[in-house]
Amino acid sequence: MPKVTVDGVELEVPAGATVLQACEMAGKEIPRFCYHERLSIAGNCRMCLVEVKPGPPKPQASCALPAAEGQEIRTDSPMVKKAREGVMEFLLINHPLDCPICDQGGECDLQDQSVAYGRGASRYDENKRAVTEKYMGPLIKTVMTRCIHCTRCVRFSEEIAGVDEIGALYRGEQMQITTYLEQAAKHELSANVIDLCPVGALTSRPYAFEARPWELKKTLSIDVSDAVGSNIRLDSRGREVLRILPRINDDVNEEWLSDKARYQVDGLTRRRLDRPWIRGADGKLAAATWEEAFAAVAKVNPGKSVAVVAGDMVDCETMFAAKALAGALGSKLLEGRQTGLDYDCSNLAAVNFNSTIAGIEEADAVLIVGSHVRWEAPLVNTRIRKAVKRGAKVFVVGAEWDATYPVTNLGTDLAVLDKLPKDVADVLKKAARPALILGGAGLGKGALGACLALADKYKLVRDGWNGFNVLHMAAARMGGLMLGYAQKGGIADLVKAKPKLLLSLGADEVDYTKFADSIVVYIGHHGDKGAHAADIILPAAAFSEKPGTYVNTEGRVQFAEKAVFAPGDAREDWTILRALADALSVTVGFDSFDELRAAMIKAAPALGSEGLADYGALPKAEKAKASGTIEAYPIKDFYLTNAIARASETMQRCSAELLHGESFAEAAE
Amino acid sequence: MADRHLEPDTPELRARWSGFAWTKENAAKAAEYVARYPEGRQRSAVMPLLDLAQRQVGAETSTQGWLPLPVMEYVAKYLDMPVIRVVEVATFYFMYNLVPVGKFHVQVCGTTPCMLRGSDAIMAACKKRGMAKGHTTEDGLWTLTEVECMGNCASAPMVQINDDNYEDLTPERLDAVLDALAAGKAPKTGTQEPGRHTVEPVGGPTTLKEMVEANHDYRKEW
């Protein structure tokens, strides 16, 4: 633990810290462009110069200099001030003065730091360099003349995303950042380079010229596009959410966000259900008022014959309100696993991501069973990649997919779980922290029992380590399971019960043909598959339009806030369910959102506190054999997995261009 | 510094070069280059391999050679590394030609010592023969490039033509060299100053004079 002095204040820094980190610990702000906590150190922007003694009598790049015992660091000397002014002047030589038309304006590192550390004026009166535009796909807009060559984007795609596609061509003043042959960046995290770019060289294409950062209301929320529960910030203006940005949460998403979570935002304003609809005798949906819609539901007079199926994006409060309504009517037919999964949910620890998303980084052997992790949870994939970089071995049972790290494929036959090949078994046995990740495809083939048996055999659960993980894909899944949205036989039990009334909470993946005899009441926000099959549509709020509690795949309870109001006549889901209770003449025991939440927390106390829910120990393993083959994964198209994304033009274009190879001619600018 | 750019990726380029593969001798050489680096570090061989590829392209087109994109892709695949990393290397170093060049790539040094010793005249002599900076002459013989210091300041001005340096030039001496090259002869490389061997002082040594004839022990004079 070296002791250093920063601006006359002595402090102790951890071994291996850099001078820049030491200065930050001392509370000093060090300007920087190329340095980023989560990327490797490049040291090429030179903005972080400080004076260090002992050492050469010149300013030193603090980001790349290890802090050593007895160093005297100055961040406030004339030498440092002059060095920063000099570097800033050099950086600005070739940087255009186009801040008024630049989307980064107002949240630009270069802008802020030139105000704080630069000279008042430039002495440069030659021509500035210009760089030809580069195409980087439908999400990233480039103005490469603004690039200051920090190479954060290059390092991100190589180190975090694991897809070497951005590079720095040529040298010196001619250096240009580009993808190979200007192909679109083709991975699920590509848009994070927009956040990383300290200037306006890489900006968001769908959000181009939409708003200035100071006009936006910022709301803290949780992403619902997958079960990771990424922490996000909704930037809204008026009634519209204009963009979604990641928030830093080292336990969940670090500071990254998948492209789908970020860019499905335009889907929030398209194909919205903004008024009730009732299917008439002619089989066509006709617009209606709320009174007519409630009257239509009341006319069904279902009695006990009610079932509720929850969609993938609903919050716990909505599910609890629906549960309360069904309970008041006398029904316990609740299900959230829309596609027919029927794994055993008697012990939630067996269907939880027990290692935790941050914890999987520590694993030294990972067996992935039937999960296309890169598409099902891109941010879990980056964690596994980190584990691999630390030396972990990864084995995959299931069809091959491009993992961005080396894996050993054990074939598609699940029978391999009963008797792992000797070399794999050896690796798992020798590993200090072996982990297993069971995904949707594996659950679908009934591999849960076999995986639990395997966990027992290889002692995946040991002191201080739980290596048994189930990776879900729906943001509502763990919350739903905690609230009892699981029948023994899955959704088949609901079909068998032939309910007179089927409440669909934004469930778009259900095969409604099996509910042909039921009156389907769809409470959701998008005119997607569920609405097409519905008899009565009650327009509700999307995740951005209601407060809510979400539980991610590792059992982490997180709260989201409401950013904007739902469009048109749409209402928050719980108010609809509360009104339905009146229409059906039952009482559900809550009249306000707070009462609802209190009732929910009473029923499921874990939902009341943010953080990991405790599900206890894994169930005792029983003898189980796995059979079947995993030829395909549930996600067929990464960009179109939910109703919001399907409504989003950006996601449709990503799907067409990046997955199906359609080319979009660039409009001449 | 000359502006560099990659040859555009056209169907013609693909048709011409997508079938690129090492010749038998080059395959052996490539394997040897890769073997020079530790296991798992075979990417380190990218520079010699690009040079080898450039020479093979040169042999196939009887020019000095260049690196078409499909050839870079071939090298990337050979070393199992992302193409963009190969292109980064190829675009960084000036000795990799990114566009087709002529049979003789005349690289005139224009950095300060050469300029003071008359590189402008050398450049003018080249231009007089029909060469233009960054272009190849119509007969496919000459490509002219102005480059930065090649480290021959003691015998400036100089040009590098393909793998050889020609130093102590005057326009006349350059003409003689170029004529000889055009005629298929191999002119003397290195300094063109009569009586000079390498970069020793013109007109005889100015220091260590006793060392010219035999070994001399200077220590007692210190």
# chains A, B, ... in the order shown; residues from 1 in each chain; ligands from 1
call {"tool": "residues_around", "arguments": {"residues": "Gly70 (chain A)", "least_positions_apart": "2", "cutoff": "8 Å", "atoms": "only C-alpha atoms", "output": "PDB file with N, CA and C atoms, in the first residue's frame"}}
result
ATOM      1  N   PRO A   2       1.229   1.746  -1.192  1.00  0.00           N
ATOM      2  CA  PRO A   2       2.111   2.914  -1.232  1.00  0.00           C
ATOM      3  C   PRO A   2       1.427   4.176  -0.696  1.00  0.00           C
ATOM      4  N   LYS A   3       2.246   4.991  -0.048  1.00  0.00           N
ATOM      5  CA  LYS A   3       1.760   6.297   0.437  1.00  0.00           C
ATOM      6  C   LYS A   3       2.206   7.357  -0.554  1.00  0.00           C
ATOM      7  N   VAL A   4       1.283   8.155  -1.014  1.00  0.00           N
ATOM      8  CA  VAL A   4       1.643   9.225  -1.934  1.00  0.00           C
ATOM      9  C   VAL A   4       1.102  10.544  -1.397  1.00  0.00           C
ATOM     10  N   THR A   5       1.628  11.609  -1.935  1.00  0.00           N
ATOM     11  CA  THR A   5       1.135  12.935  -1.555  1.00  0.00           C
ATOM     12  C   THR A   5       0.516  13.593  -2.773  1.00  0.00           C
ATOM     13  N   ALA A  68       3.551   5.072  -6.754  1.00  0.00           N
ATOM     14  CA  ALA A  68       4.637   4.410  -6.036  1.00  0.00           C
ATOM     15  C   ALA A  68       4.882   5.125  -4.710  1.00  0.00           C
ATOM     16  N   GLU A  72       5.336  12.461  -4.927  1.00  0.00           N
ATOM     17  CA  GLU A  72       4.704  13.752  -4.683  1.00  0.00           C
ATOM     18  C   GLU A  72       4.006  14.156  -5.960  1.00  0.00           C
TER      19      GLU A  72
END
call {"tool": "interface_residues", "arguments": {"of": "chain B", "to": "chain A", "cutoff": "6 Å", "atoms": "only C-alpha atoms", "output": "PyMOL selection string"}}
result
chain B and resi 84+88+91-92
call {"tool": "write_last_selection", "arguments": {"atoms": "N, CA and C atoms", "output": "PDB file, in the first residue's frame"}}
result
ATOM      1  N   ILE B  84      -9.636  -6.536 -39.441  1.00  0.00           N
ATOM      2  CA  ILE B  84      -9.414  -5.121 -39.152  1.00  0.00           C
ATOM      3  C   ILE B  84      -8.032  -4.918 -38.524  1.00  0.00           C
ATOM      4  N   GLU B  88      -5.177  -2.532 -39.996  1.00  0.00           N
ATOM      5  CA  GLU B  88      -4.546  -1.499 -39.163  1.00  0.00           C
ATOM      6  C   GLU B  88      -3.035  -1.499 -39.377  1.00  0.00           C
ATOM      7  N   THR B  91      -2.075  -0.358 -42.986  1.00  0.00           N
ATOM      8  CA  THR B  91      -2.232   1.058 -43.271  1.00  0.00           C
ATOM      9  C   THR B  91      -1.262   1.910 -42.465  1.00  0.00           C
ATOM     10  N   PHE B  92      -0.724   1.350 -41.378  1.00  0.00           N
ATOM     11  CA  PHE B  92       0.168   2.133 -40.526  1.00  0.00           C
ATOM     12  C   PHE B  92       1.538   2.290 -41.165  1.00  0.00           C
TER      13      PHE B  92
END
call {"tool": "residues_around", "arguments": {"residues": "Ala154 (chain B)", "least_positions_apart": "4", "cutoff": "10 Å", "atoms": "only C-alpha atoms", "output": "PyMOL selection string"}}
result
chain B and resi 113-114+158+167-168+198-202
call {"tool": "write_last_selection", "arguments": {"atoms": "N, CA and C atoms", "output": "compact mmCIF listing (two decimals), in the first residue's frame"}}
result
# COMPACT_ATOMS: atom_id res chain seq x y z
N PRO B 113 17.43 17.04 -44.19
CA PRO B 113 18.79 16.88 -44.71
C PRO B 113 18.81 16.66 -46.22
N CYS B 114 17.90 15.81 -46.70
CA CYS B 114 17.85 15.57 -48.14
C CYS B 114 17.43 16.83 -48.88
N MET B 158 18.72 11.06 -51.35
CA MET B 158 18.63 9.64 -51.70
C MET B 158 17.24 9.31 -52.21
N GLU B 167 22.08 6.65 -53.22
CA GLU B 167 22.38 7.83 -52.41
C GLU B 167 23.35 8.77 -53.13
N ASP B 168 23.62 9.92 -52.51
CA ASP B 168 24.50 10.94 -53.09
C ASP B 168 24.08 11.27 -54.50
N THR B 198 30.59 3.78 -48.50
CA THR B 198 29.31 3.82 -47.78
C THR B 198 29.04 5.26 -47.37
N VAL B 199 29.04 5.52 -46.08
CA VAL B 199 28.75 6.89 -45.66
C VAL B 199 29.96 7.50 -44.98
N GLU B 200 31.14 7.02 -45.33
CA GLU B 200 32.32 7.65 -44.76
C GLU B 200 32.45 9.08 -45.30
N PRO B 201 33.19 9.95 -44.59
CA PRO B 201 33.28 11.34 -45.06
C PRO B 201 33.83 11.40 -46.48
N VAL B 202 33.23 12.29 -47.25
CA VAL B 202 33.71 12.46 -48.63
C VAL B 202 35.12 13.03 -48.59
call {"tool": "atom_distance", "arguments": {"atom1": "CA of Asp274 (chain A)", "atom2": "CA of Pro302 (chain A)"}}
result
26.1 Å
call {"tool": "closest_residue", "arguments": {"among": "B:Leu208, B:Gln160, B:Lys185, B:Leu79", "to": "Glu39 (chain B)", "atoms": "only C-alpha atoms"}}
result
B:Leu79
call {"tool": "residues_around", "arguments": {"residues": "Cys126 (chain B)", "least_positions_apart": "6", "cutoff": "10 Å", "atoms": "only C-alpha atoms", "output": "VMD selection string"}}
result
chain B and resid 106 108 120 132 to 133 142 to 144 171 174 to 175 178
call {"tool": "residues_around", "arguments": {"residues": "region 39-56 of chain A", "least_positions_apart": "2", "cutoff": "8 Å", "atoms": "only C-alpha atoms", "output": "PyMOL selection string"}}
result
chain A and resi 20+30-37+58-64+71-75+77+79-80+83-84+87-88+148-152+155-156+159-160
call {"tool": "write_last_selection", "arguments": {"atoms": "C-alpha atoms", "output": "tab-separated table (two decimals), in the first residue's frame"}}
result
chain	number	residue	atom	x	y	z
A	20	LEU	CA	-4.77	9.04	-11.79
A	30	ILE	CA	-8.22	14.68	-13.52
A	31	PRO	CA	-9.44	15.47	-17.03
A	32	ARG	CA	-9.22	12.52	-19.39
A	33	PHE	CA	-10.49	11.26	-22.74
A	34	CYS	CA	-8.90	7.93	-23.48
A	35	TYR	CA	-8.82	6.56	-19.95
A	36	HIS	CA	-11.87	4.56	-18.92
A	37	GLU	CA	-12.23	2.48	-15.76
A	58	LYS	CA	8.10	17.06	-17.22
A	59	PRO	CA	4.38	16.37	-16.97
A	60	GLN	CA	3.46	12.68	-16.88
A	61	ALA	CA	0.37	10.86	-18.12
A	62	SER	CA	-1.20	9.87	-14.83
A	63	CYS	CA	-3.48	7.17	-16.27
A	64	ALA	CA	-0.58	4.96	-17.24
A	71	GLN	CA	5.48	10.09	-4.85
A	72	GLU	CA	4.70	13.75	-4.68
A	73	ILE	CA	1.92	14.44	-7.14
A	74	ARG	CA	0.74	17.90	-8.04
A	75	THR	CA	-2.42	18.56	-10.00
A	77	SER	CA	0.92	23.49	-10.39
A	79	MET	CA	3.25	23.15	-15.14
A	80	VAL	CA	0.09	21.04	-15.03
A	83	ALA	CA	0.31	21.11	-20.00
A	84	ARG	CA	-3.46	20.71	-19.97
A	87	VAL	CA	-2.93	19.28	-24.89
A	88	MET	CA	-6.37	20.81	-25.19
A	148	ILE	CA	-9.97	12.80	-31.25
A	149	HIS	CA	-8.49	9.28	-31.55
A	150	CYS	CA	-9.02	8.18	-27.97
A	151	THR	CA	-9.65	4.59	-29.22
A	152	ARG	CA	-12.20	3.86	-26.51
A	155	ARG	CA	-10.94	-1.09	-27.03
A	156	PHE	CA	-14.59	-1.61	-26.12
A	159	GLU	CA	-12.24	-6.20	-24.89
A	160	ILE	CA	-15.83	-6.03	-23.71
call {"tool": "closest_residue", "arguments": {"among": "A:Val510, A:Ala542, A:Leu189, A:Ala583", "to": "Tyr639 (chain A)", "atoms": "only C-alpha atoms"}}
result
A:Leu189
call {"tool": "residues_around", "arguments": {"residues": "region 66-68 of chain B", "least_positions_apart": "5", "cutoff": "7 Å", "atoms": "only C-alpha atoms", "output": "ChimeraX atom specification"}}
result
/B:7,54,57-58,96-101
call {"tool": "write_last_selection", "arguments": {"atoms": "N, CA and C atoms", "output": "compact mmCIF listing (two decimals), in the first residue's frame"}}
result
# COMPACT_ATOMS: atom_id res chain seq x y z
N GLU B 7 -7.36 0.54 -51.67
CA GLU B 7 -7.98 0.31 -52.97
C GLU B 7 -9.42 -0.11 -52.74
N GLN B 54 2.93 -9.21 -50.09
CA GLN B 54 3.15 -8.11 -51.02
C GLN B 54 4.15 -8.52 -52.10
N VAL B 57 2.45 -10.88 -54.52
CA VAL B 57 1.61 -10.11 -55.45
C VAL B 57 2.52 -9.43 -56.47
N GLY B 58 3.67 -8.91 -56.00
CA GLY B 58 4.60 -8.27 -56.90
C GLY B 58 5.11 -9.23 -57.95
N TYR B 96 4.12 -1.00 -46.79
CA TYR B 96 3.06 -1.79 -47.41
C TYR B 96 2.31 -0.89 -48.38
N ASN B 97 2.26 -1.29 -49.62
CA ASN B 97 1.56 -0.48 -50.61
C ASN B 97 0.09 -0.86 -50.61
N LEU B 98 -0.76 0.14 -50.51
CA LEU B 98 -2.19 -0.14 -50.43
C LEU B 98 -2.87 -0.06 -51.79
N VAL B 99 -2.16 0.50 -52.76
CA VAL B 99 -2.72 0.57 -54.11
C VAL B 99 -1.66 0.00 -55.06
N PRO B 100 -2.06 -0.41 -56.26
CA PRO B 100 -1.07 -0.99 -57.19
C PRO B 100 0.05 0.00 -57.48
N VAL B 101 1.26 -0.50 -57.60
CA VAL B 101 2.40 0.35 -57.93
C VAL B 101 3.04 -0.19 -59.20
call {"tool": "residues_around", "arguments": {"residues": "Gly479 (chain A)", "least_positions_apart": "6", "cutoff": "12 Å", "atoms": "only C-alpha atoms", "output": "JSON, numbers by chain"}}
result
{"A": [227, 229, 310, 311, 312, 313, 314, 315, 316, 317, 318, 319, 320, 335, 336, 337, 348, 351, 352, 472, 485, 486, 548, 549, 550, 551, 552, 553, 554, 555, 556, 557, 558, 559, 600, 601, 604, 605, 606, 607, 608, 612, 613]}
call {"tool": "write_last_selection", "arguments": {"atoms": "C-alpha atoms", "output": "PDB file, in the first residue's frame"}}
result
ATOM      1  CA  ALA A 227     -34.241 -10.853 -17.571  1.00  0.00           C
ATOM      2  CA  GLY A 229     -32.879  -6.123 -15.277  1.00  0.00           C
ATOM      3  CA  ALA A 310     -48.846 -12.748 -17.471  1.00  0.00           C
ATOM      4  CA  GLY A 311     -46.635 -11.414 -20.226  1.00  0.00           C
ATOM      5  CA  ASP A 312     -42.865 -11.066 -20.201  1.00  0.00           C
ATOM      6  CA  MET A 313     -42.665  -7.371 -19.404  1.00  0.00           C
ATOM      7  CA  VAL A 314     -45.187  -6.797 -16.649  1.00  0.00           C
ATOM      8  CA  ASP A 315     -44.232  -5.570 -13.222  1.00  0.00           C
ATOM      9  CA  CYS A 316     -44.918  -7.391  -9.971  1.00  0.00           C
ATOM     10  CA  GLU A 317     -47.657  -4.959  -8.890  1.00  0.00           C
ATOM     11  CA  THR A 318     -49.698  -5.694 -12.005  1.00  0.00           C
ATOM     12  CA  MET A 319     -49.279  -9.410 -11.485  1.00  0.00           C
ATOM     13  CA  PHE A 320     -50.230  -9.112  -7.850  1.00  0.00           C
ATOM     14  CA  GLU A 335     -49.331 -18.651 -15.304  1.00  0.00           C
ATOM     15  CA  GLY A 336     -46.510 -16.566 -16.687  1.00  0.00           C
ATOM     16  CA  ARG A 337     -44.584 -19.078 -18.758  1.00  0.00           C
ATOM     17  CA  LEU A 348     -37.304 -20.970  -6.454  1.00  0.00           C
ATOM     18  CA  VAL A 351     -34.769 -21.689 -11.034  1.00  0.00           C
ATOM     19  CA  ASN A 352     -32.637 -18.770  -9.959  1.00  0.00           C
ATOM     20  CA  HIS A 472     -34.462 -16.603 -17.822  1.00  0.00           C
ATOM     21  CA  TYR A 485     -47.605 -17.414 -11.567  1.00  0.00           C
ATOM     22  CA  ALA A 486     -46.804 -21.055 -12.179  1.00  0.00           C
ATOM     23  CA  GLY A 548     -43.217  -1.014 -10.716  1.00  0.00           C
ATOM     24  CA  THR A 549     -41.147  -3.696  -9.088  1.00  0.00           C
ATOM     25  CA  TYR A 550     -39.106  -6.082 -11.203  1.00  0.00           C
ATOM     26  CA  VAL A 551     -37.106  -9.121 -10.210  1.00  0.00           C
ATOM     27  CA  ASN A 552     -34.277 -10.114 -12.487  1.00  0.00           C
ATOM     28  CA  THR A 553     -33.003 -13.588 -13.236  1.00  0.00           C
ATOM     29  CA  GLU A 554     -30.706 -13.590 -10.187  1.00  0.00           C
ATOM     30  CA  GLY A 555     -33.639 -12.710  -7.902  1.00  0.00           C
ATOM     31  CA  ARG A 556     -32.687  -9.075  -7.589  1.00  0.00           C
ATOM     32  CA  VAL A 557     -35.664  -6.936  -6.629  1.00  0.00           C
ATOM     33  CA  GLN A 558     -35.503  -3.517  -8.301  1.00  0.00           C
ATOM     34  CA  PHE A 559     -37.913  -0.612  -8.483  1.00  0.00           C
ATOM     35  CA  MET A 600     -48.047  -7.270  -2.289  1.00  0.00           C
ATOM     36  CA  ILE A 601     -45.179  -6.895   0.162  1.00  0.00           C
ATOM     37  CA  ALA A 604     -44.334 -11.654  -0.713  1.00  0.00           C
ATOM     38  CA  PRO A 605     -42.058  -9.829   1.746  1.00  0.00           C
ATOM     39  CA  ALA A 606     -38.974 -10.230  -0.445  1.00  0.00           C
ATOM     40  CA  LEU A 607     -40.499  -7.846  -2.967  1.00  0.00           C
ATOM     41  CA  GLY A 608     -40.384  -5.068  -0.425  1.00  0.00           C
ATOM     42  CA  LEU A 612     -31.224 -10.080  -3.862  1.00  0.00           C
ATOM     43  CA  ALA A 613     -34.159 -12.133  -2.624  1.00  0.00           C
TER      44      ALA A 613
END
call {"tool": "select_by_dssp", "arguments": {"residues": "region 13-126 of chain B", "states": "strand (DSSP E)", "output": "VMD selection string"}}
result
chain B and resid 104 to 109
